[in-house]
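**Student:** File input.csv follows (CSV, C-alpha atoms):
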chain,number,residue,atom,x,y,z
R,1293,VAL,CA,-66.5,-38.9,-107.0
R,1294,ALA,CA,-63.1,-40.4,-106.1
R,1295,VAL,CA,-64.7,-43.1,-104.1
R,1296,SER,CA,-67.3,-43.9,-106.8
R,1297,LEU,CA,-64.7,-44.2,-109.5
R,1298,GLN,CA,-63.3,-47.4,-107.8
R,1299,TYR,CA,-66.5,-49.1,-108.5
R,1300,LEU,CA,-67.0,-48.1,-112.2
R,1301,GLY,CA,-65.7,-50.1,-115.1
R,1302,ASP,CA,-64.0,-53.5,-114.9
R,1303,PRO,CA,-61.6,-54.1,-112.0
R,1304,LYS,CA,-58.0,-55.1,-112.8
R,1305,GLY,CA,-57.6,-58.8,-113.2
R,1306,ASP,CA,-61.4,-59.4,-113.4
R,1307,GLY,CA,-60.8,-62.5,-115.6
R,1308,SER,CA,-58.2,-64.2,-113.4
R,1309,GLN,CA,-58.4,-68.0,-113.1
R,1310,SER,CA,-58.8,-69.6,-109.7
R,1311,SER,CA,-55.1,-70.6,-109.6
R,1312,GLN,CA,-54.1,-67.1,-110.4
R,1313,LEU,CA,-56.3,-65.6,-107.7
R,1314,VAL,CA,-54.8,-68.0,-105.1
R,1315,ALA,CA,-51.3,-66.7,-106.1
R,1316,GLN,CA,-52.4,-63.1,-106.2
R,1317,VAL,CA,-54.2,-63.0,-102.9
R,1318,ILE,CA,-51.6,-65.0,-100.9
R,1319,SER,CA,-48.6,-63.1,-102.4
R,1320,THR,CA,-50.2,-59.8,-101.5
R,1321,LEU,CA,-50.7,-61.0,-97.9
R,1322,VAL,CA,-47.1,-62.2,-97.7
R,1323,GLU,CA,-45.8,-58.9,-99.2
R,1324,LYS,CA,-47.8,-56.9,-96.6
R,1325,LEU,CA,-46.6,-59.0,-93.7
R,1326,VAL,CA,-43.0,-58.6,-94.7
R,1327,ASN,CA,-43.6,-54.9,-95.1
R,1328,ILE,CA,-45.1,-54.3,-91.7
R,1329,SER,CA,-42.4,-56.4,-90.0
R,1330,GLU,CA,-40.0,-53.8,-91.1
R,1331,GLN,CA,-42.2,-51.0,-89.9
R,1332,LEU,CA,-42.9,-52.2,-86.3
R,1333,ASP,CA,-41.0,-50.3,-83.6
R,1334,ALA,CA,-39.3,-52.8,-81.3
R,1335,ARG,CA,-39.4,-50.6,-78.2
R,1336,ARG,CA,-43.1,-50.0,-78.6
R,1337,MET,CA,-43.8,-53.7,-79.2
R,1338,GLU,CA,-41.8,-54.6,-76.1
R,1339,ALA,CA,-43.7,-52.0,-74.0
R,1340,ALA,CA,-47.0,-53.3,-75.2
R,1341,MET,CA,-46.0,-56.9,-74.4
R,1342,GLU,CA,-44.9,-56.0,-70.9
R,1343,THR,CA,-48.1,-54.0,-70.3
R,1344,LEU,CA,-50.4,-56.7,-71.6
R,1345,ALA,CA,-48.5,-59.5,-69.7
R,1346,THR,CA,-49.1,-57.7,-66.4
R,1347,ALA,CA,-52.6,-56.4,-67.1
R,1348,ARG,CA,-55.4,-57.0,-64.5
R,1349,ARG,CA,-57.9,-56.9,-67.4
R,1350,ILE,CA,-57.8,-56.2,-71.1
R,1351,ALA,CA,-60.6,-54.7,-73.2
R,1352,PHE,CA,-60.1,-55.0,-76.9
R,1353,LEU,CA,-62.2,-52.4,-78.9
R,1354,GLY,CA,-62.9,-52.1,-82.6
R,1355,VAL,CA,-65.7,-50.8,-84.8
R,1356,GLY,CA,-66.7,-51.9,-88.2
R,1357,GLY,CA,-66.2,-55.4,-89.7
R,1358,GLY,CA,-62.4,-55.7,-89.9
R,1359,SER,CA,-61.3,-54.1,-86.6
R,1360,SER,CA,-64.1,-55.6,-84.5
R,1361,ASN,CA,-63.1,-59.1,-85.7
R,1362,VAL,CA,-59.5,-58.4,-84.8
R,1363,ALA,CA,-60.6,-57.3,-81.4
R,1364,ARG,CA,-62.5,-60.5,-80.9
R,1365,GLU,CA,-59.4,-62.4,-81.9
R,1366,GLY,CA,-57.3,-60.4,-79.4
R,1367,ALA,CA,-59.6,-61.4,-76.6
R,1368,ASN,CA,-59.5,-65.0,-77.8
R,1369,ARG,CA,-55.7,-65.1,-77.7
R,1370,PHE,CA,-55.2,-63.4,-74.4
R,1371,PHE,CA,-57.8,-65.1,-72.2
R,1372,ARG,CA,-55.8,-68.3,-72.8
R,1373,LEU,CA,-52.8,-66.6,-71.0
R,1374,GLY,CA,-54.8,-66.3,-67.8
R,1375,ILE,CA,-55.6,-62.6,-68.3
R,1376,PRO,CA,-59.3,-61.7,-68.2
R,1377,SER,CA,-60.0,-60.4,-71.7
R,1378,GLU,CA,-63.1,-59.2,-73.6
R,1379,ALA,CA,-63.9,-57.6,-77.0
R,1380,HIS,CA,-66.6,-55.0,-77.8
R,1381,SER,CA,-67.7,-53.2,-80.9
R,1382,ASP,CA,-70.7,-51.3,-79.7
R,1383,GLY,CA,-69.8,-47.6,-79.2
R,1384,TYR,CA,-72.2,-47.1,-76.2
R,1385,LEU,CA,-70.9,-50.1,-74.4
R,1386,GLN,CA,-67.3,-49.2,-75.1
R,1387,ARG,CA,-67.8,-45.8,-73.4
R,1388,MET,CA,-69.6,-47.4,-70.4
R,1389,LEU,CA,-66.9,-50.1,-70.1
R,1390,ALA,CA,-64.1,-47.5,-70.3
R,1391,SER,CA,-65.6,-45.7,-67.3
R,1392,THR,CA,-65.3,-48.8,-65.1
R,1393,LEU,CA,-61.6,-49.4,-65.8
R,1394,ILE,CA,-58.9,-48.6,-63.2
R,1395,LYS,CA,-55.1,-48.6,-62.9
R,1396,GLY,CA,-53.8,-51.9,-64.0
R,1397,ASP,CA,-56.5,-52.4,-66.7
R,1398,VAL,CA,-55.8,-52.0,-70.4
R,1399,ILE,CA,-57.8,-50.7,-73.3
R,1400,PHE,CA,-56.5,-52.0,-76.6
R,1401,ALA,CA,-58.1,-49.9,-79.5
R,1402,ILE,CA,-57.9,-51.2,-83.0
R,1403,SER,CA,-58.6,-49.2,-86.1
R,1404,SER,CA,-57.1,-49.1,-89.7
R,1405,SER,CA,-58.0,-45.4,-90.0
R,1406,GLY,CA,-57.5,-44.2,-86.4
R,1407,GLN,CA,-60.6,-41.9,-86.8
R,1408,PRO,CA,-63.7,-43.5,-85.2
R,1409,VAL,CA,-65.1,-41.2,-82.6
R,1410,GLU,CA,-66.3,-44.2,-80.5
R,1411,LEU,CA,-62.7,-45.3,-80.0
R,1412,LEU,CA,-61.3,-41.8,-79.4
R,1413,ASP,CA,-63.9,-41.1,-76.7
R,1414,SER,CA,-63.5,-44.5,-75.0
R,1415,VAL,CA,-59.8,-44.1,-74.9
R,1416,ALA,CA,-60.1,-40.6,-73.4
R,1417,ILE,CA,-62.5,-41.9,-70.8
R,1418,ALA,CA,-60.4,-44.9,-69.8
R,1419,LYS,CA,-57.3,-42.6,-69.3
R,1420,GLN,CA,-59.3,-40.4,-67.0
R,1421,TYR,CA,-59.8,-43.4,-64.7
R,1422,GLY,CA,-56.1,-44.5,-64.8
R,1423,ALA,CA,-56.3,-47.4,-67.3
R,1424,THR,CA,-53.4,-47.8,-69.7
R,1425,THR,CA,-54.3,-47.4,-73.4
R,1426,ILE,CA,-52.7,-49.2,-76.4
R,1427,SER,CA,-53.6,-48.7,-80.1
R,1428,LEU,CA,-53.0,-50.7,-83.2
R,1429,THR,CA,-53.6,-48.2,-86.0
R,1430,LYS,CA,-52.5,-46.0,-88.8
R,1431,ILE,CA,-49.2,-44.0,-88.5
R,1432,GLY,CA,-49.9,-40.4,-87.3
R,1433,SER,CA,-53.6,-40.9,-86.8
R,1434,GLU,CA,-55.6,-39.2,-84.0
R,1435,LEU,CA,-55.9,-42.5,-82.2
R,1436,SER,CA,-52.2,-43.1,-82.3
R,1437,ASN,CA,-51.6,-39.7,-80.8
R,1438,ILE,CA,-53.8,-40.1,-77.8
R,1439,THR,CA,-52.9,-43.6,-76.6
R,1440,ASP,CA,-50.1,-44.4,-74.1
R,1441,ILE,CA,-48.5,-47.0,-76.4
R,1442,SER,CA,-49.2,-46.8,-80.1
R,1443,ILE,CA,-48.3,-49.6,-82.6
R,1444,GLU,CA,-48.4,-47.7,-85.9
R,1445,ILE,CA,-48.3,-49.2,-89.4
R,1446,ASP,CA,-49.0,-48.0,-92.9
R,1447,ILE,CA,-50.8,-50.5,-95.1
R,1448,PRO,CA,-51.8,-49.2,-98.5
R,1449,GLU,CA,-54.9,-51.1,-99.6
R,1450,ASP,CA,-55.0,-52.9,-103.0
R,1451,GLN,CA,-56.8,-51.1,-105.8
R,1452,ASP,CA,-58.5,-54.4,-106.7
R,1453,ILE,CA,-61.9,-54.0,-104.9
R,1454,TYR,CA,-62.6,-57.7,-105.2
R,1455,LYS,CA,-59.6,-58.7,-103.1
R,1456,PRO,CA,-60.0,-59.0,-99.3
R,1457,SER,CA,-58.5,-56.2,-97.1
R,1458,ALA,CA,-55.0,-57.0,-96.1
R,1459,SER,CA,-55.1,-54.9,-93.0
R,1460,ARG,CA,-57.4,-57.3,-91.2
R,1461,LEU,CA,-54.9,-60.2,-91.4
R,1462,VAL,CA,-51.9,-58.0,-90.8
R,1463,PHE,CA,-53.5,-56.7,-87.6
R,1464,THR,CA,-54.3,-60.3,-86.5
R,1465,ALA,CA,-50.6,-61.2,-87.1
R,1466,ILE,CA,-49.5,-58.4,-84.9
R,1467,ILE,CA,-51.9,-59.5,-82.2
R,1468,ASP,CA,-50.4,-63.0,-82.4
R,1469,VAL,CA,-46.8,-61.5,-82.0
R,1470,LEU,CA,-48.0,-59.6,-78.9
R,1471,ALA,CA,-49.7,-62.6,-77.4
R,1472,ALA,CA,-46.6,-64.8,-77.9
R,1473,GLY,CA,-44.4,-62.1,-76.3
R,1474,ALA,CA,-46.8,-61.7,-73.4
R,1475,ALA,CA,-47.0,-65.5,-72.9
R,1476,ARG,CA,-43.2,-65.7,-72.5
R,1477,LYS,CA,-43.3,-63.1,-69.8
R,1478,ARG,CA,-45.6,-65.3,-67.6
R,1479,PRO,CA,-44.6,-68.8,-68.6
R,1480,ASN,CA,-45.8,-70.8,-65.6
R,1481,ARG,CA,-49.2,-69.3,-65.4
R,1482,VAL,CA,-49.6,-69.6,-69.2
R,1483,LYS,CA,-48.6,-73.3,-69.3
R,1484,GLU,CA,-51.0,-74.1,-66.5
R,1485,ASN,CA,-53.8,-72.3,-68.3
R,1486,LEU,CA,-53.1,-74.0,-71.6
R,1487,ARG,CA,-53.0,-77.4,-69.9
R,1488,SER,CA,-56.3,-76.8,-68.3
R,1489,ILE,CA,-57.9,-75.6,-71.5
R,1490,ARG,CA,-56.6,-78.6,-73.4
R,1491,THR,CA,-57.8,-81.0,-70.7
R,1492,SER,CA,-61.3,-79.4,-70.9
R,1493,LEU,CA,-61.5,-80.3,-74.6
R,1494,LEU,CA,-60.4,-83.9,-74.3
R,1495,PRO,CA,-64.0,-85.3,-74.0
R,1496,LEU,CA,-64.7,-83.6,-77.4
R,1497,SER,CA,-61.8,-85.2,-79.3
R,1498,LYS,CA,-59.9,-88.5,-79.3
R,1499,ASP,CA,-56.9,-86.9,-80.8
R,1500,VAL,CA,-54.4,-86.2,-78.0
R,1501,GLY,CA,-51.5,-85.1,-80.3
R,1502,PRO,CA,-50.3,-81.5,-80.9
R,1503,LYS,CA,-53.0,-79.4,-82.4
R,1504,PRO,CA,-54.6,-75.9,-82.0
R,1505,ILE,CA,-56.3,-75.3,-78.7
R,1506,GLY,CA,-59.9,-75.0,-79.8
R,1507,ASP,CA,-61.4,-75.8,-83.2
Just give me the structure of the file as structure tokens.
**Tutor:**
Amino acid sequence: VAVSLQYLGDPKGDGSQSSQLVAQVISTLVEKLVNISEQLDARRMEAAMETLATARRIAFLGVGGGSSNVAREGANRFFRLGIPSEAHSDGYLQRMLASTLIKGDVIFAISSSGQPVELLDSVAIAKQYGATTISLTKIGSELSNITDISIEIDIPEDQDIYKPSASRLVFTAIIDVLAAGAARKRPNRVKENLRSIRTSLLPLSKDVGPKPIGD
């Protein structure tokens, strides 16, 4: 009943004009980003950066729409640093992959609730074989309690059901911070990788000025 009530009646701000919606959505994201920047534990962030920077291989895991998309973005950010990285959202494949990992490999599990059984099982399996486990998840969740390094945040969702979930973009921002930190711990390898990637894209664009690597 509590869940259903969110979808009955007119949502708050239903008649907002486009200009108002731009301000509302963006201001909410800015507020959430400022809030989580104050929540992040510096020691855990540093431990995660060091672990990721020296990883032999990183597997980003997520289930559902938001977390699985963040997992893909994690793999997209870290392969550029010269670290073999992949992302998976299928529970069966996650378990199988976890069983192939060894010491030096990292599983990075992402979940806004910290409850999906697929992630909990995969983390447990990976730990049995010596892999290091990192989570990006809710404070005090089961997932945070079983991983070696837990990056914990609390993001109350907006009651306006028409607004996009803020947690997805907040998680992506944290992945960006971790990638930037890991890159600075292996600067020579990263610079060479980024140069090679940019060179591979030159035939596709005449613009040689500063721009994102990719499209």
**Student:** With distances taken over all atoms listed in the file, which residue among R:Ser1436, R:Ser1404, R:Ser1442, R:Ser1492 lies nearest R:Ala1340?
**Tutor:**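 Ranking R:Ser1436, R:Ser1404, R:Ser1442, R:Ser1492 by distance to R:Ala1340, first place goes to R:Ser1442.
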**Student:** What lies within 8 Å of R:Ala1363 using only C-alpha atoms, ignoring chain neighbours under 3 positions off, as a ChimeraX atom specification?
**Tutor:** /R:1352-1354,1359-1360,1366-1367,1379-1380,1402
**Student:** Taking all atoms listed in the file into account, which of R:Ser1377, R:Ser1329, R:Thr1491, R:Gln1386 comes nearest R:Ile1445?
**Tutor:** R:Ser1329
**Student:** Using all atoms listed in the file, which residue out of R:Ile1399, R:Glu1342, R:Val1317, R:Ile1350 lies closest to R:Arg1476?
**Tutor:**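 Among the listed residues, the smallest separation from R:Arg1476 belongs to R:Glu1342.
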**Student:** Rounded to one decimal, what separation in Å do you get between atom CA of R:Leu1332 and atom CA of R:Thr1429?
**Tutor:**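 Here the two named atoms are 11.4 Å from each other.
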**Student:** R:Leu1393, R:Ala1418, R:Glu1338, R:Ile1443: which is nearest R:Gly1473, counting all atoms listed in the file?
**Tutor:**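 Checking each of R:Leu1393, R:Ala1418, R:Glu1338, R:Ile1443 against R:Gly1473, counting all atoms listed in the file, the winner is R:Glu1338.
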**Student:** At what distance in Å, to one decimal, does atom CA of R:Thr1346 lie from atom CA of R:Lys1477?
**Tutor:**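 Here the two named atoms are 8.6 Å from each other.
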**Student:** Give me, as a Markdown table, the closest atom pair and its distance (Å, one decimal) for every residue of stretch 1346-1433 of chain R within a cut-off of 9 Å of stretch 1468-1472 of chain R, counting only C-alpha atoms, rows sorted by chain and rising number.
**Tutor:**
| residue | atom | partner | partner_atom | distance |
| --- | --- | --- | --- | --- |
| R:Gly1366 | CA | R:Asp1468 | CA | 8.0 |
| R:Arg1369 | CA | R:Ala1471 | CA | 6.5 |
| R:Phe1370 | CA | R:Ala1471 | CA | 6.3 |
| R:Leu1373 | CA | R:Ala1471 | CA | 8.2 |
**Student:** For R:Ile1375, which residue out of R:Thr1343, R:Ser1497, R:Asn1327, R:Ser1405 is the nearest one, using only C-alpha atoms?
**Tutor:**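 Selected residue with least distance to R:Ile1375: R:Thr1343.
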**Student:** Given only C-alpha atoms as the basis, pick out the residue of R:Glu1410, R:Glu1330, R:Glu1434, R:Glu1365 nearest to R:Asp1382.
**Tutor:**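 Among the listed residues, the smallest separation from R:Asp1382 belongs to R:Glu1410.
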**Student:** Atom CA of R:Ala1465 and atom CA of R:Leu1428 are how many Å apart?
**Tutor:**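 Computed distance, atom CA of R:Ala1465 to atom CA of R:Leu1428, equals 11.5 Å.
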**Student:** List as an MDAnalysis selection string the protein and nucleic acid residues near R:Val1482, meaning an atom at most 10 Å away when all atoms listed in the file are counted, but skip any in the same chain fewer than 2 places from it.
**Tutor:** chainID R and resid 1370:1375 1474:1480 1484:1488
